[in-house]
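The file run11.cif contains mmCIF, C-alpha atoms; chains and numbers go by the auth columns:
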```cif
data_final
#
loop_
_atom_site.group_PDB
_atom_site.id
_atom_site.type_symbol
_atom_site.label_atom_id
_atom_site.label_comp_id
_atom_site.label_asym_id
_atom_site.label_seq_id
_atom_site.Cartn_x
_atom_site.Cartn_y
_atom_site.Cartn_z
_atom_site.B_iso_or_equiv
_atom_site.auth_seq_id
_atom_site.auth_asym_id
ATOM 1 C CA MET A 1 -114.477 -116.104 -107.239 0.00 166 I
ATOM 2 C CA ALA A 2 -111.007 -115.627 -108.632 0.00 167 I
ATOM 3 C CA ILE A 3 -110.207 -117.169 -112.001 0.00 168 I
ATOM 4 C CA SER A 4 -107.068 -119.302 -112.260 0.00 169 I
ATOM 5 C CA ASP A 5 -104.191 -118.446 -114.581 0.00 170 I
ATOM 6 C CA TYR A 6 -104.841 -121.720 -116.453 0.00 171 I
ATOM 7 C CA LEU A 7 -108.440 -120.800 -117.239 0.00 172 I
ATOM 8 C CA ALA A 8 -107.721 -117.119 -117.944 0.00 173 I
ATOM 9 C CA ASN A 9 -104.955 -117.986 -120.421 0.00 174 I
ATOM 10 C CA ASN A 10 -107.109 -120.543 -122.235 0.00 175 I
ATOM 11 C CA LEU A 11 -110.109 -118.207 -122.462 0.00 176 I
ATOM 12 C CA LEU A 12 -107.975 -115.328 -123.739 0.00 177 I
ATOM 13 C CA ASN A 13 -106.301 -117.544 -126.330 0.00 178 I
ATOM 14 C CA GLN A 14 -109.649 -118.912 -127.499 0.00 179 I
ATOM 15 C CA VAL A 15 -111.275 -115.497 -127.835 0.00 180 I
ATOM 16 C CA LEU A 16 -108.305 -113.463 -129.053 0.00 181 I
ATOM 17 C CA ARG A 17 -106.268 -116.027 -130.970 0.00 182 I
ATOM 18 C CA ASN A 18 -108.959 -118.487 -132.142 0.00 183 I
ATOM 19 C CA THR A 19 -107.326 -121.449 -130.381 0.00 184 I
ATOM 20 C CA THR A 20 -109.252 -124.493 -129.217 0.00 185 I
ATOM 21 C CA PHE A 21 -109.932 -124.736 -125.518 0.00 186 I
ATOM 22 C CA PRO A 22 -109.862 -128.256 -124.053 0.00 187 I
ATOM 23 C CA ALA A 23 -113.356 -129.577 -123.279 0.00 188 I
ATOM 24 C CA ILE A 24 -114.192 -129.663 -119.590 0.00 189 I
ATOM 25 C CA THR A 25 -116.532 -132.592 -119.075 0.00 190 I
ATOM 26 C CA ALA A 26 -116.852 -132.474 -115.279 0.00 191 I
ATOM 27 C CA ARG A 27 -116.275 -130.025 -112.471 0.00 192 I
ATOM 28 C CA TRP A 28 -115.066 -130.885 -108.999 0.00 193 I
ATOM 29 C CA LEU A 29 -115.218 -128.895 -105.786 0.00 194 I
ATOM 30 C CA SER A 30 -112.526 -128.900 -103.093 0.00 195 I
ATOM 31 C CA TYR A 31 -113.035 -127.508 -99.597 0.00 196 I
ATOM 32 C CA HIS A 32 -110.366 -125.401 -97.862 0.00 197 I
ATOM 33 C CA THR A 33 -109.686 -124.117 -94.349 0.00 198 I
ATOM 34 C CA GLY A 34 -107.940 -121.010 -95.719 0.00 199 I
ATOM 35 C CA ASP A 35 -107.266 -119.256 -99.014 0.00 200 I
ATOM 36 C CA PRO A 36 -106.322 -121.867 -101.655 0.00 201 I
ATOM 37 C CA GLY A 37 -104.247 -119.259 -103.492 0.00 202 I
ATOM 38 C CA LYS A 38 -103.593 -118.926 -107.238 0.00 203 I
ATOM 39 C CA THR A 39 -102.967 -122.657 -107.676 0.00 204 I
ATOM 40 C CA GLY A 40 -106.007 -123.782 -105.672 0.00 205 I
ATOM 41 C CA THR A 41 -103.914 -126.127 -103.550 0.00 206 I
ATOM 42 C CA GLY A 42 -103.417 -124.120 -100.347 0.00 207 I
ATOM 43 C CA SER A 43 -105.115 -125.084 -97.071 0.00 208 I
ATOM 44 C CA PRO A 44 -107.135 -128.097 -98.303 0.00 209 I
ATOM 45 C CA LEU A 45 -109.524 -129.727 -95.856 0.00 210 I
ATOM 46 C CA ALA A 46 -107.511 -132.737 -94.701 0.00 211 I
ATOM 47 C CA SER A 47 -108.561 -136.126 -96.063 0.00 212 I
ATOM 48 C CA CYS A 48 -111.661 -134.784 -97.808 0.00 213 I
ATOM 49 C CA PRO A 49 -111.988 -135.888 -101.431 0.00 214 I
ATOM 50 C CA ARG A 50 -113.248 -133.502 -104.086 0.00 215 I
ATOM 51 C CA VAL A 51 -116.948 -133.701 -104.890 0.00 216 I
ATOM 52 C CA ALA A 52 -118.619 -133.439 -108.291 0.00 217 I
ATOM 53 C CA VAL A 53 -120.587 -130.254 -108.897 0.00 218 I
ATOM 54 C CA THR A 54 -122.803 -129.185 -111.808 0.00 219 I
ATOM 55 C CA PHE A 55 -123.822 -125.665 -112.842 0.00 220 I
ATOM 56 C CA ASN A 56 -126.853 -123.956 -114.346 0.00 221 I
ATOM 57 C CA ALA A 57 -126.603 -122.098 -117.644 0.00 222 I
ATOM 58 C CA ALA A 58 -124.978 -118.699 -117.212 0.00 223 I
ATOM 59 C CA ALA A 59 -127.049 -115.520 -117.319 0.00 224 I
ATOM 60 C CA SER A 60 -125.828 -111.941 -116.835 0.00 225 I
ATOM 61 C CA GLY A 61 -122.263 -113.180 -116.334 0.00 226 I
ATOM 62 C CA THR A 62 -123.157 -115.539 -113.450 0.00 227 I
ATOM 63 C CA SER A 63 -123.662 -119.282 -113.070 0.00 228 I
ATOM 64 C CA SER A 64 -124.792 -121.105 -109.921 0.00 229 I
ATOM 65 C CA SER A 65 -124.565 -124.704 -108.744 0.00 230 I
ATOM 66 C CA ALA A 66 -127.373 -126.789 -110.235 0.00 231 I
ATOM 67 C CA ALA A 67 -127.689 -129.647 -107.760 0.00 232 I
ATOM 68 C CA LEU A 68 -126.631 -130.763 -104.303 0.00 233 I
ATOM 69 C CA ALA A 69 -122.904 -131.469 -104.034 0.00 234 I
ATOM 70 C CA THR A 70 -122.201 -133.854 -101.171 0.00 235 I
ATOM 71 C CA GLY A 71 -119.045 -135.346 -99.742 0.00 236 I
ATOM 72 C CA VAL A 72 -117.843 -136.913 -96.529 0.00 237 I
ATOM 73 C CA SER A 73 -115.067 -135.340 -94.485 0.00 238 I
ATOM 74 C CA ALA A 74 -112.517 -137.565 -92.833 0.00 239 I
ATOM 75 C CA ALA A 75 -111.066 -134.536 -91.082 0.00 240 I
ATOM 76 C CA SER A 76 -111.534 -133.578 -87.474 0.00 241 I
ATOM 77 C CA ALA A 77 -113.455 -130.443 -86.553 0.00 242 I
ATOM 78 C CA ALA A 78 -112.507 -127.531 -88.805 0.00 243 I
ATOM 79 C CA ALA A 79 -113.937 -124.410 -90.409 0.00 244 I
ATOM 80 C CA ILE A 80 -114.295 -124.449 -94.190 0.00 245 I
ATOM 81 C CA THR A 81 -113.691 -120.884 -95.360 0.00 246 I
ATOM 82 C CA HIS A 82 -112.935 -121.304 -99.086 0.00 247 I
ATOM 83 C CA VAL A 83 -113.686 -123.543 -102.066 0.00 248 I
ATOM 84 C CA ALA A 84 -111.931 -124.258 -105.355 0.00 249 I
ATOM 85 C CA ILE A 85 -113.343 -125.598 -108.617 0.00 250 I
ATOM 86 C CA TRP A 86 -111.344 -128.045 -110.760 0.00 251 I
ATOM 87 C CA ASP A 87 -111.731 -129.917 -114.055 0.00 252 I
ATOM 88 C CA GLY A 88 -110.843 -133.242 -112.414 0.00 253 I
ATOM 89 C CA SER A 89 -110.888 -135.077 -109.110 0.00 254 I
ATOM 90 C CA ALA A 90 -107.126 -135.717 -108.751 0.00 255 I
ATOM 91 C CA THR A 91 -104.723 -132.873 -107.903 0.00 256 I
ATOM 92 C CA ALA A 92 -101.925 -134.416 -109.975 0.00 257 I
ATOM 93 C CA THR A 93 -103.929 -134.357 -113.231 0.00 258 I
ATOM 94 C CA ALA A 94 -106.636 -131.712 -112.742 0.00 259 I
ATOM 95 C CA ASN A 95 -106.542 -128.044 -113.646 0.00 260 I
ATOM 96 C CA HIS A 96 -107.619 -125.405 -111.152 0.00 261 I
ATOM 97 C CA LEU A 97 -110.399 -123.194 -112.588 0.00 262 I
ATOM 98 C CA PHE A 98 -111.727 -120.892 -109.846 0.00 263 I
ATOM 99 C CA SER A 99 -111.406 -120.353 -106.099 0.00 264 I
ATOM 100 C CA GLY A 100 -112.937 -118.041 -103.560 0.00 265 I
ATOM 101 C CA ALA A 101 -114.069 -117.385 -100.024 0.00 266 I
ATOM 102 C CA MET A 102 -117.375 -118.628 -98.697 0.00 267 I
ATOM 103 C CA THR A 103 -119.811 -116.047 -97.390 0.00 268 I
ATOM 104 C CA SER A 104 -121.513 -116.087 -93.995 0.00 269 I
ATOM 105 C CA GLY A 105 -118.372 -117.267 -92.190 0.00 270 I
ATOM 106 C CA GLY A 106 -118.023 -120.603 -93.959 0.00 271 I
ATOM 107 C CA VAL A 107 -119.123 -123.991 -92.702 0.00 272 I
ATOM 108 C CA ARG A 108 -118.186 -125.678 -89.461 0.00 273 I
ATOM 109 C CA ILE A 109 -117.460 -129.418 -89.454 0.00 274 I
ATOM 110 C CA ILE A 110 -118.592 -130.874 -86.164 0.00 275 I
ATOM 111 C CA ALA A 111 -116.714 -134.183 -86.310 0.00 276 I
ATOM 112 C CA ALA A 112 -114.801 -136.540 -88.568 0.00 277 I
ATOM 113 C CA GLY A 113 -117.116 -138.292 -90.999 0.00 278 I
ATOM 114 C CA SER A 114 -119.484 -135.338 -91.298 0.00 279 I
ATOM 115 C CA THR A 115 -121.426 -135.110 -94.539 0.00 280 I
ATOM 116 C CA LEU A 116 -120.737 -131.868 -96.364 0.00 281 I
ATOM 117 C CA VAL A 117 -123.693 -130.618 -98.391 0.00 282 I
ATOM 118 C CA LEU A 118 -123.602 -127.679 -100.777 0.00 283 I
ATOM 119 C CA ALA A 119 -127.207 -126.873 -101.668 0.00 284 I
ATOM 120 C CA SER A 120 -128.346 -126.109 -105.194 0.00 285 I
ATOM 121 C CA GLY A 121 -127.799 -122.467 -106.122 0.00 286 I
ATOM 122 C CA LYS A 122 -125.473 -121.743 -103.176 0.00 287 I
ATOM 123 C CA LEU A 123 -122.218 -121.705 -105.182 0.00 288 I
ATOM 124 C CA MET A 124 -122.008 -118.837 -107.644 0.00 289 I
ATOM 125 C CA VAL A 125 -119.306 -118.008 -110.174 0.00 290 I
ATOM 126 C CA ALA A 126 -119.438 -114.575 -111.776 0.00 291 I
ATOM 127 C CA PHE A 127 -117.492 -112.343 -114.155 0.00 292 I
ATOM 128 C CA GLY A 128 -117.592 -108.594 -113.842 0.00 293 I
#
```
Structure rendered as structure tokens:
Amino acid sequence: MAISDYLANNLLNQVLRNTTFPAITARWLSYHTGDPGKTGTGSPLASCPRVAVTFNAAASGTSSSAALATGVSAASAAAITHVAIWDGSATATANHLFSGAMTSGGVRIIAAGSTLVLASGKLMVAFG
């Protein structure tokens, strides 16, 4: 997954300049039908709200999703190819943290109202 400029700048400032990084109390996942880009806002899955996601403790520079993340799509049939991780549920107030492509060709939504389920351990964020 690619790290956002927001997160990279805050991590660098914390480590190299001893600044305080804002606490991130929750993480939210957005689904995308194409590359979300550096801002995380490109190609969002239409009418699909972000879903809360939790992560396991990091080991060897990697952390994986800790529990099922479920949401309901109001979109018509589409292919989800990318995801983005945020520190909030609302685009206007949240900061983009990471984004990346899904493996195995993504997920296909069969119809509007489909339940999207991301199984525990299936989302991984890694450095290095």
Would you kindly identify which residues have an atom no farther than 9 Å from (-115.7, -127.8, -101.5), using only C-alpha atoms and the file's own coordinates, and write them out as a list in words? Trp193, Leu194, Ser195, Tyr196, His197, Leu210, Cys213, Pro214, Arg215, Val216, Ala234, Thr235, Gly236, Ile245, His247, Val248, Ala249, Ile250, Leu281 and Leu283 of chain I
Restricting the calculation to all atoms listed in the file: of I:Ser264, I:Ser238, I:Asn221, I:Thr190, which residue gets closest to Thr280 of chain I?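 Counting all atoms listed in the file, the residue closest to Thr280 of chain I is I:Ser238.
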For a test of reading the model, state the distance in Å between atom CA of Ala259 of chain I and atom CA of Ala224 of chain I, rounded to one decimal.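 Distance reported for this atom pair: 26.5 Å.
Between atom CA of Leu176 of chain I and atom CA of Trp251 of chain I the separation is 15.3 Å.
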Using all atoms listed in the file, pick whichever of I:Val282, I:Pro201, I:Ala243, I:Arg192 has the shortest atom-to-atom distance to Thr219 of chain I.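 Closest to Thr219 of chain I of all the choices is I:Arg192.
Across the model, the gap from atom CA of Met166 of chain I to atom CA of Ala291 of chain I is 6.9 Å.
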Using all atoms listed in the file, find the one residue out of I:Ala167, I:Ala173, I:Ala244, I:Val180 that sits nearest to Phe263 of chain I. I:Ala167
I'd like the residues picked by the PyMOL selection byres ((chain I and resi 261) around 6) written out as a list in words, using the chain letters and numbers from the file.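 Written out, the selection comes to Gly205, Trp251, Asn260 and Leu262 of chain I.
With distances restricted to all atoms listed in the file, I:Lys203 is the closest residue to Ser169 of chain I from I:Lys287, I:Arg273, I:Lys203, I:Arg182.
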At a cut-off of 12 Å from (-121.3, -116.8, -99.5) in the coordinates of the file, what residues are picked up using all atoms listed in the file, written as a PDB file with C-alpha atoms, in the coordinates of the input?
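Now in selection.pdb:
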```
ATOM      1  CA  MET I 166    -114.477-116.104-107.239  1.00  0.00           C
ATOM      2  CA  SER I 229    -124.792-121.105-109.921  1.00  0.00           C
ATOM      3  CA  ILE I 245    -114.295-124.449 -94.190  1.00  0.00           C
ATOM      4  CA  THR I 246    -113.691-120.884 -95.360  1.00  0.00           C
ATOM      5  CA  HIS I 247    -112.935-121.304 -99.086  1.00  0.00           C
ATOM      6  CA  VAL I 248    -113.686-123.543-102.066  1.00  0.00           C
ATOM      7  CA  GLY I 265    -112.937-118.041-103.560  1.00  0.00           C
ATOM      8  CA  ALA I 266    -114.069-117.385-100.024  1.00  0.00           C
ATOM      9  CA  MET I 267    -117.375-118.628 -98.697  1.00  0.00           C
ATOM     10  CA  THR I 268    -119.811-116.047 -97.390  1.00  0.00           C
ATOM     11  CA  SER I 269    -121.513-116.087 -93.995  1.00  0.00           C
ATOM     12  CA  GLY I 270    -118.372-117.267 -92.190  1.00  0.00           C
ATOM     13  CA  GLY I 271    -118.023-120.603 -93.959  1.00  0.00           C
ATOM     14  CA  VAL I 272    -119.123-123.991 -92.702  1.00  0.00           C
ATOM     15  CA  LEU I 283    -123.602-127.679-100.777  1.00  0.00           C
ATOM     16  CA  ALA I 284    -127.207-126.873-101.668  1.00  0.00           C
ATOM     17  CA  GLY I 286    -127.799-122.467-106.122  1.00  0.00           C
ATOM     18  CA  LYS I 287    -125.473-121.743-103.176  1.00  0.00           C
ATOM     19  CA  LEU I 288    -122.218-121.705-105.182  1.00  0.00           C
ATOM     20  CA  MET I 289    -122.008-118.837-107.644  1.00  0.00           C
ATOM     21  CA  VAL I 290    -119.306-118.008-110.174  1.00  0.00           C
TER      22      VAL I 290
END
```
Output as lines of an AutoDock Vina configuration file the centre and edge lengths (Å, one decimal) of the box along x, y and z of the file that holds every listed atom of segment 167-180 of chain I after adding 5 Å on each side.
```
center_x = -107.7
center_y = -118.5
center_z = -118.2
size_x = 17.1
size_y = 16.4
size_z = 29.2
```
Tell me which of I:Ser225, I:Ser279, I:Ser208, I:Asn175 sits closest to Phe292 of chain I, counting all atoms listed in the file. I:Ser225
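Considering only C-alpha atoms, the residue among I:Leu172, I:Ala232, I:Ala255, I:Ala211 positioned nearest to Ile274 of chain I is I:Ala211.
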Would you output segment 259-270 of chain I from that structure, restricted to all heavy atoms, as a compact mmCIF listing (two decimals), in the first residue's frame?
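Full text of result_24.txt as output:
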```
# COMPACT_ATOMS: atom_id res chain seq x y z
N ALA I 259 -11.76 13.85 7.23
CA ALA I 259 -10.82 12.75 7.46
C ALA I 259 -9.53 12.96 6.70
O ALA I 259 -9.49 13.66 5.68
CB ALA I 259 -11.45 11.43 7.06
N ASN I 260 -8.48 12.33 7.19
CA ASN I 260 -7.18 12.34 6.53
C ASN I 260 -6.91 10.99 5.90
O ASN I 260 -7.09 9.95 6.54
CB ASN I 260 -6.07 12.66 7.54
CG ASN I 260 -6.23 14.04 8.11
OD1 ASN I 260 -6.13 15.03 7.41
ND2 ASN I 260 -6.49 14.11 9.41
N HIS I 261 -6.47 11.01 4.66
CA HIS I 261 -6.12 9.79 3.94
C HIS I 261 -4.79 9.28 4.49
O HIS I 261 -3.84 10.04 4.66
CB HIS I 261 -6.00 10.14 2.45
CG HIS I 261 -5.49 9.04 1.61
ND1 HIS I 261 -4.41 9.21 0.77
CD2 HIS I 261 -5.88 7.76 1.45
CE1 HIS I 261 -4.17 8.07 0.13
NE2 HIS I 261 -5.05 7.19 0.52
N LEU I 262 -4.71 7.97 4.79
CA LEU I 262 -3.51 7.38 5.37
C LEU I 262 -2.77 6.50 4.37
O LEU I 262 -1.57 6.65 4.16
CB LEU I 262 -3.87 6.57 6.62
CG LEU I 262 -4.63 7.34 7.71
CD1 LEU I 262 -5.06 6.39 8.81
CD2 LEU I 262 -3.78 8.47 8.24
N PHE I 263 -3.46 5.53 3.79
CA PHE I 263 -2.86 4.58 2.85
C PHE I 263 -3.86 4.28 1.73
O PHE I 263 -5.06 4.40 1.94
CB PHE I 263 -2.56 3.23 3.52
CG PHE I 263 -1.56 3.27 4.62
CD1 PHE I 263 -1.96 3.34 5.94
CD2 PHE I 263 -0.20 3.20 4.34
CE1 PHE I 263 -1.03 3.35 6.98
CE2 PHE I 263 0.73 3.21 5.36
CZ PHE I 263 0.32 3.29 6.68
N SER I 264 -3.36 3.81 0.59
CA SER I 264 -4.24 3.26 -0.44
C SER I 264 -3.44 2.27 -1.27
O SER I 264 -2.21 2.32 -1.32
CB SER I 264 -4.82 4.37 -1.33
OG SER I 264 -3.80 5.09 -1.97
N GLY I 265 -4.17 1.35 -1.89
CA GLY I 265 -3.48 0.36 -2.72
C GLY I 265 -4.45 -0.52 -3.47
O GLY I 265 -5.65 -0.53 -3.21
N ALA I 266 -3.88 -1.27 -4.41
CA ALA I 266 -4.66 -2.19 -5.23
C ALA I 266 -4.94 -3.48 -4.47
O ALA I 266 -4.14 -3.92 -3.66
CB ALA I 266 -3.90 -2.51 -6.52
N MET I 267 -6.08 -4.07 -4.76
CA MET I 267 -6.42 -5.37 -4.21
C MET I 267 -5.76 -6.43 -5.06
O MET I 267 -5.57 -6.25 -6.26
CB MET I 267 -7.94 -5.56 -4.19
CG MET I 267 -8.64 -4.55 -3.30
SD MET I 267 -10.42 -4.77 -3.29
CE MET I 267 -10.56 -6.26 -2.33
N THR I 268 -5.42 -7.53 -4.47
CA THR I 268 -4.84 -8.64 -5.23
C THR I 268 -5.95 -9.56 -5.72
O THR I 268 -7.11 -9.40 -5.35
CB THR I 268 -3.86 -9.45 -4.35
OG1 THR I 268 -4.56 -9.93 -3.20
CG2 THR I 268 -2.69 -8.58 -3.92
N SER I 269 -5.62 -10.49 -6.53
CA SER I 269 -6.56 -11.49 -7.07
C SER I 269 -7.70 -10.85 -7.85
O SER I 269 -8.83 -11.34 -7.82
CB SER I 269 -7.12 -12.36 -5.94
OG SER I 269 -6.08 -13.01 -5.26
N GLY I 270 -7.44 -9.72 -8.51
CA GLY I 270 -8.45 -9.14 -9.39
C GLY I 270 -9.55 -8.36 -8.71
O GLY I 270 -10.52 -7.98 -9.35
```
